[in-house]
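J.: This one is target19.cif, mmCIF, C-alpha atoms.
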```cif
data_entry
#
loop_
_atom_site.group_PDB
_atom_site.id
_atom_site.type_symbol
_atom_site.label_atom_id
_atom_site.label_comp_id
_atom_site.auth_asym_id
_atom_site.auth_seq_id
_atom_site.Cartn_x
_atom_site.Cartn_y
_atom_site.Cartn_z
ATOM 1 C CA MET B 1297 2.258 22.025 -18.199
ATOM 2 C CA LYS B 1298 1.343 20.966 -14.656
ATOM 3 C CA THR B 1299 4.107 20.107 -12.196
ATOM 4 C CA LEU B 1300 3.853 17.463 -9.492
ATOM 5 C CA GLU B 1301 6.570 17.008 -6.870
ATOM 6 C CA VAL B 1302 6.914 13.971 -4.613
ATOM 7 C CA TYR B 1303 9.059 14.076 -1.483
ATOM 8 C CA ASP B 1304 9.726 10.480 -0.390
ATOM 9 C CA ARG B 1305 10.971 9.125 2.890
ATOM 10 C CA PRO B 1306 14.428 7.510 2.663
ATOM 11 C CA LEU B 1307 14.203 4.628 0.188
ATOM 12 C CA CYS B 1308 16.844 2.227 -1.119
ATOM 13 C CA CYS B 1309 16.625 3.755 -4.603
ATOM 14 C CA SER B 1310 14.740 6.452 -6.503
ATOM 15 C CA THR B 1311 11.424 4.537 -6.545
ATOM 16 C CA GLY B 1312 11.736 2.023 -3.715
ATOM 17 C CA ILE B 1313 10.659 -0.821 -6.005
ATOM 18 C CA CYS B 1314 13.704 -3.005 -5.735
ATOM 19 C CA GLY B 1315 15.078 -5.531 -3.304
ATOM 20 C CA PRO B 1316 13.547 -8.719 -1.927
ATOM 21 C CA SER B 1317 10.344 -7.317 -0.370
ATOM 22 C CA VAL B 1318 8.725 -4.550 -2.369
ATOM 23 C CA ASP B 1319 5.837 -2.531 -0.964
ATOM 24 C CA PRO B 1320 2.950 -2.935 -3.458
ATOM 25 C CA ALA B 1321 1.901 0.684 -2.794
ATOM 26 C CA LEU B 1322 5.250 1.853 -4.199
ATOM 27 C CA VAL B 1323 4.784 -0.260 -7.332
ATOM 28 C CA HIS B 1324 1.332 1.202 -7.979
ATOM 29 C CA PHE B 1325 2.516 4.729 -7.221
ATOM 30 C CA ALA B 1326 5.487 4.427 -9.601
ATOM 31 C CA ALA B 1327 3.107 3.244 -12.334
ATOM 32 C CA ASP B 1328 0.767 6.144 -11.594
ATOM 33 C CA LEU B 1329 3.639 8.649 -11.842
ATOM 34 C CA ALA B 1330 4.697 7.108 -15.171
ATOM 35 C CA TRP B 1331 1.087 7.479 -16.330
ATOM 36 C CA LEU B 1332 1.080 11.151 -15.271
ATOM 37 C CA LYS B 1333 4.280 11.753 -17.265
ATOM 38 C CA ALA B 1334 2.639 10.138 -20.305
ATOM 39 C CA GLN B 1335 -0.227 12.646 -19.866
ATOM 40 C CA GLY B 1336 2.241 15.541 -20.089
ATOM 41 C CA VAL B 1337 2.663 16.299 -16.379
ATOM 42 C CA GLU B 1338 6.168 17.204 -15.238
ATOM 43 C CA VAL B 1339 6.894 14.845 -12.346
ATOM 44 C CA ARG B 1340 9.775 15.486 -9.950
ATOM 45 C CA ARG B 1341 10.507 12.890 -7.293
ATOM 46 C CA TYR B 1342 12.945 13.402 -4.439
ATOM 47 C CA ASN B 1343 14.309 10.776 -2.048
ATOM 48 C CA LEU B 1344 15.381 12.050 1.376
ATOM 49 C CA ALA B 1345 18.282 9.580 1.463
ATOM 50 C CA PHE B 1346 19.806 10.822 -1.804
ATOM 51 C CA GLU B 1347 18.556 14.390 -2.299
ATOM 52 C CA PRO B 1348 18.166 16.029 1.117
ATOM 53 C CA GLY B 1349 18.757 19.487 -0.361
ATOM 54 C CA ALA B 1350 15.507 19.255 -2.317
ATOM 55 C CA PHE B 1351 13.650 19.127 0.992
ATOM 56 C CA THR B 1352 14.914 22.605 1.919
ATOM 57 C CA THR B 1353 13.946 24.396 -1.299
ATOM 58 C CA HIS B 1354 10.331 25.231 -0.423
ATOM 59 C CA ASN B 1355 9.199 26.746 2.872
ATOM 60 C CA ASP B 1356 6.025 24.631 3.047
ATOM 61 C CA VAL B 1357 8.044 21.411 2.727
ATOM 62 C CA LYS B 1358 10.526 22.583 5.369
ATOM 63 C CA GLU B 1359 7.659 23.497 7.701
ATOM 64 C CA ALA B 1360 5.910 20.142 7.202
ATOM 65 C CA LEU B 1361 9.166 18.335 8.011
ATOM 66 C CA ARG B 1362 9.761 20.528 11.033
ATOM 67 C CA ALA B 1363 6.250 19.893 12.344
ATOM 68 C CA GLY B 1364 5.910 16.203 11.527
ATOM 69 C CA GLN B 1365 9.508 15.167 10.887
ATOM 70 C CA VAL B 1366 9.766 12.250 8.443
ATOM 71 C CA GLY B 1367 6.262 11.172 9.505
ATOM 72 C CA CYS B 1368 4.819 13.666 7.025
ATOM 73 C CA LEU B 1369 6.434 11.775 4.132
ATOM 74 C CA PRO B 1370 5.571 11.012 1.442
ATOM 75 C CA LEU B 1371 4.578 14.575 0.735
ATOM 76 C CA VAL B 1372 3.063 15.586 -2.616
ATOM 77 C CA ARG B 1373 2.984 19.117 -4.030
ATOM 78 C CA CYS B 1374 1.036 20.065 -7.138
ATOM 79 C CA GLU B 1375 1.480 23.445 -8.746
ATOM 80 C CA GLY B 1376 3.353 24.773 -5.746
ATOM 81 C CA ARG B 1377 1.062 23.682 -2.919
ATOM 82 C CA ILE B 1378 0.993 20.613 -0.695
ATOM 83 C CA VAL B 1379 -1.921 18.354 -1.634
ATOM 84 C CA SER B 1380 -1.051 15.199 0.311
ATOM 85 C CA GLU B 1381 1.007 14.015 3.289
ATOM 86 C CA GLN B 1382 1.733 10.596 4.842
ATOM 87 C CA ILE B 1383 0.204 8.455 2.056
ATOM 88 C CA TYR B 1384 0.804 7.580 -1.566
ATOM 89 C CA PRO B 1385 -2.255 9.010 -3.312
ATOM 90 C CA THR B 1386 -4.311 7.107 -5.857
ATOM 91 C CA ARG B 1387 -4.187 7.672 -9.608
ATOM 92 C CA ALA B 1388 -7.626 9.285 -9.391
ATOM 93 C CA GLN B 1389 -6.380 11.785 -6.796
ATOM 94 C CA LEU B 1390 -3.269 12.577 -8.836
ATOM 95 C CA ALA B 1391 -5.374 13.038 -11.960
ATOM 96 C CA GLN B 1392 -7.801 15.335 -10.141
ATOM 97 C CA TRP B 1393 -5.015 17.535 -8.757
ATOM 98 C CA CYS B 1394 -3.407 17.760 -12.213
ATOM 99 C CA GLY B 1395 -6.687 18.357 -14.040
ATOM 100 C CA ILE B 1396 -6.552 15.108 -16.041
ATOM 101 C CA GLY B 1397 -9.417 12.724 -16.776
ATOM 102 C CA THR B 1398 -8.832 9.031 -16.069
ATOM 103 C CA GLU B 1399 -11.587 7.557 -18.236
ATOM 104 C CA SER B 1400 -9.414 6.834 -21.307
ATOM 105 C CA ALA B 1401 -6.217 6.108 -19.423
ATOM 106 C CA VAL B 1402 -3.877 3.505 -20.843
ATOM 107 C CA PRO B 1403 -2.143 1.608 -18.035
ATOM 108 C CA VAL B 1404 1.600 2.137 -17.721
ATOM 109 C CA GLN B 1405 3.713 -0.503 -15.979
ATOM 110 C CA ALA B 1406 6.295 0.540 -13.404
ATOM 111 C CA GLN B 1407 9.882 -0.491 -14.047
ATOM 112 C CA ALA B 1408 12.180 -1.625 -11.283
ATOM 113 C CA CYS B 1409 14.830 0.960 -10.543
ATOM 114 C CA CYS B 1410 17.780 -1.404 -10.603
ATOM 115 C CA GLY B 1411 17.096 -3.385 -13.764
ATOM 116 C CA ALA B 1412 17.876 -7.091 -13.702
ATOM 117 C CA SER B 1413 20.188 -6.845 -10.700
ATOM 118 C CA CYS B 1414 18.269 -5.466 -7.751
ATOM 119 C CA CYS B 1415 19.643 -3.708 -4.704
#
```
Transcribe the structure of this file into structure tokens.
T.:
Amino acid sequence: MKTLEVYDRPLCCSTGICGPSVDPALVHFAADLAWLKAQGVEVRRYNLAFEPGAFTTHNDVKEALRAGQVGCLPLVRCEGRIVSEQIYPTRAQLAQWCGIGTESAVPVQAQACCGASCC
């Protein structure tokens, strides 16, 4: 099973898709991560505001943060190597890195992190 890790900048919750003004890029990215999970990819997502220790586990992540500070975030690792910094990649990019075809993909909707009562 492939593993994809996402290191997010500080967000209000685990996905950042809550509150009064939601960034559409975060909504699409959350849906794309849900789609990856449905394809059998192990997805791990870390938020700097809530899980700072996760950002010190891997030397490449520590080095990217040291060099670019939080400007390097979001940072995406696939199979133990950094594949993206500073942007939320597209579903096609995620699929390519994880070795998954997108031609028969069934869309998966992102769910708000806070349920009916948002942050």
J.: If I take atom CA of B:Arg1387 and atom CA of B:Leu1369, how far is one from the other in Å, to one decimal?
T.: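 If I compute the distance from atom CA of B:Arg1387 to atom CA of B:Leu1369, I get 17.8 Å.
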J.: Which value, in Å to one decimal, gives the distance between atom CA of B:Arg1305 and atom CA of B:Ile1396?
T.: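 That distance, rounded to one decimal, is 26.5 Å.
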J.: How many Å lie between atom CA of B:Gly1376 and atom CA of B:Leu1300, rounded to one decimal?
T.: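 Going from atom CA of B:Gly1376 over to atom CA of B:Leu1300 covers 8.2 Å.
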J.: Env of B:Lys1298: 12 Å cut, atoms = only C-alpha atoms, seq-sep filter 4 positions within chain, self excluded. Answer as a PDB file with C-alpha atoms, in the frame of the given file.
T.:
```
ATOM      1  CA  LEU B1332       1.080  11.151 -15.271  1.00  0.00           C
ATOM      2  CA  LYS B1333       4.280  11.753 -17.265  1.00  0.00           C
ATOM      3  CA  GLN B1335      -0.227  12.646 -19.866  1.00  0.00           C
ATOM      4  CA  GLY B1336       2.241  15.541 -20.089  1.00  0.00           C
ATOM      5  CA  VAL B1337       2.663  16.299 -16.379  1.00  0.00           C
ATOM      6  CA  GLU B1338       6.168  17.204 -15.238  1.00  0.00           C
ATOM      7  CA  VAL B1339       6.894  14.845 -12.346  1.00  0.00           C
ATOM      8  CA  ARG B1340       9.775  15.486  -9.950  1.00  0.00           C
ATOM      9  CA  ARG B1373       2.984  19.117  -4.030  1.00  0.00           C
ATOM     10  CA  CYS B1374       1.036  20.065  -7.138  1.00  0.00           C
ATOM     11  CA  GLU B1375       1.480  23.445  -8.746  1.00  0.00           C
ATOM     12  CA  GLY B1376       3.353  24.773  -5.746  1.00  0.00           C
ATOM     13  CA  LEU B1390      -3.269  12.577  -8.836  1.00  0.00           C
ATOM     14  CA  ALA B1391      -5.374  13.038 -11.960  1.00  0.00           C
ATOM     15  CA  GLN B1392      -7.801  15.335 -10.141  1.00  0.00           C
ATOM     16  CA  TRP B1393      -5.015  17.535  -8.757  1.00  0.00           C
ATOM     17  CA  CYS B1394      -3.407  17.760 -12.213  1.00  0.00           C
ATOM     18  CA  GLY B1395      -6.687  18.357 -14.040  1.00  0.00           C
ATOM     19  CA  ILE B1396      -6.552  15.108 -16.041  1.00  0.00           C
TER      20      ILE B1396
END
```
J.: Given the choices B:Gln1382, B:Thr1353, B:Ala1327, B:Thr1299, which gets closest to B:Pro1370 if the distance is worked out from only C-alpha atoms?
T.: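 When distances to B:Pro1370 are compared using only C-alpha atoms, the smallest one comes from B:Gln1382.
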J.: For a quick check of understanding, using all atoms listed in the file, which of B:His1354, B:Asp1319, B:Ala1360, B:Pro1306 has the smallest distance to B:Tyr1342?
T.: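 Answer, going by the shortest atom-to-atom distance: B:Pro1306.
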J.: Would you kindly translate the PyMOL selection byres ((chain B and resi 1357) around 10) into the concrete residues it picks from this file, as a list in words?
T.: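 Checked against the file, the PyMOL selection byres ((chain B and resi 1357) around 10) matches Tyr1303, Ala1350, Phe1351, Thr1352, Thr1353, His1354, Asn1355, Asp1356, Lys1358, Glu1359, Ala1360, Leu1361, Arg1362, Ala1363, Cys1368, Leu1369, Leu1371, Val1372, Arg1373, Arg1377 and Ile1378 of chain B.
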J.: Considering all atoms listed in the file, state which residue in the set B:Met1297, B:Ala1388, B:Leu1307, B:Val1379 is at the smallest distance from B:Leu1329.
T.: B:Ala1388
J.: Edge lengths and centre in Å to one decimal, as AutoDock Vina command-line options, of the axis-aligned box that encloses all listed atoms of stretch 1342-1353 of chain B with 5 Å added on every side?
T.:
```
--center_x 16.4 --center_y 17.0 --center_z -1.3 --size_x 16.9 --size_y 24.8 --size_z 16.4
```
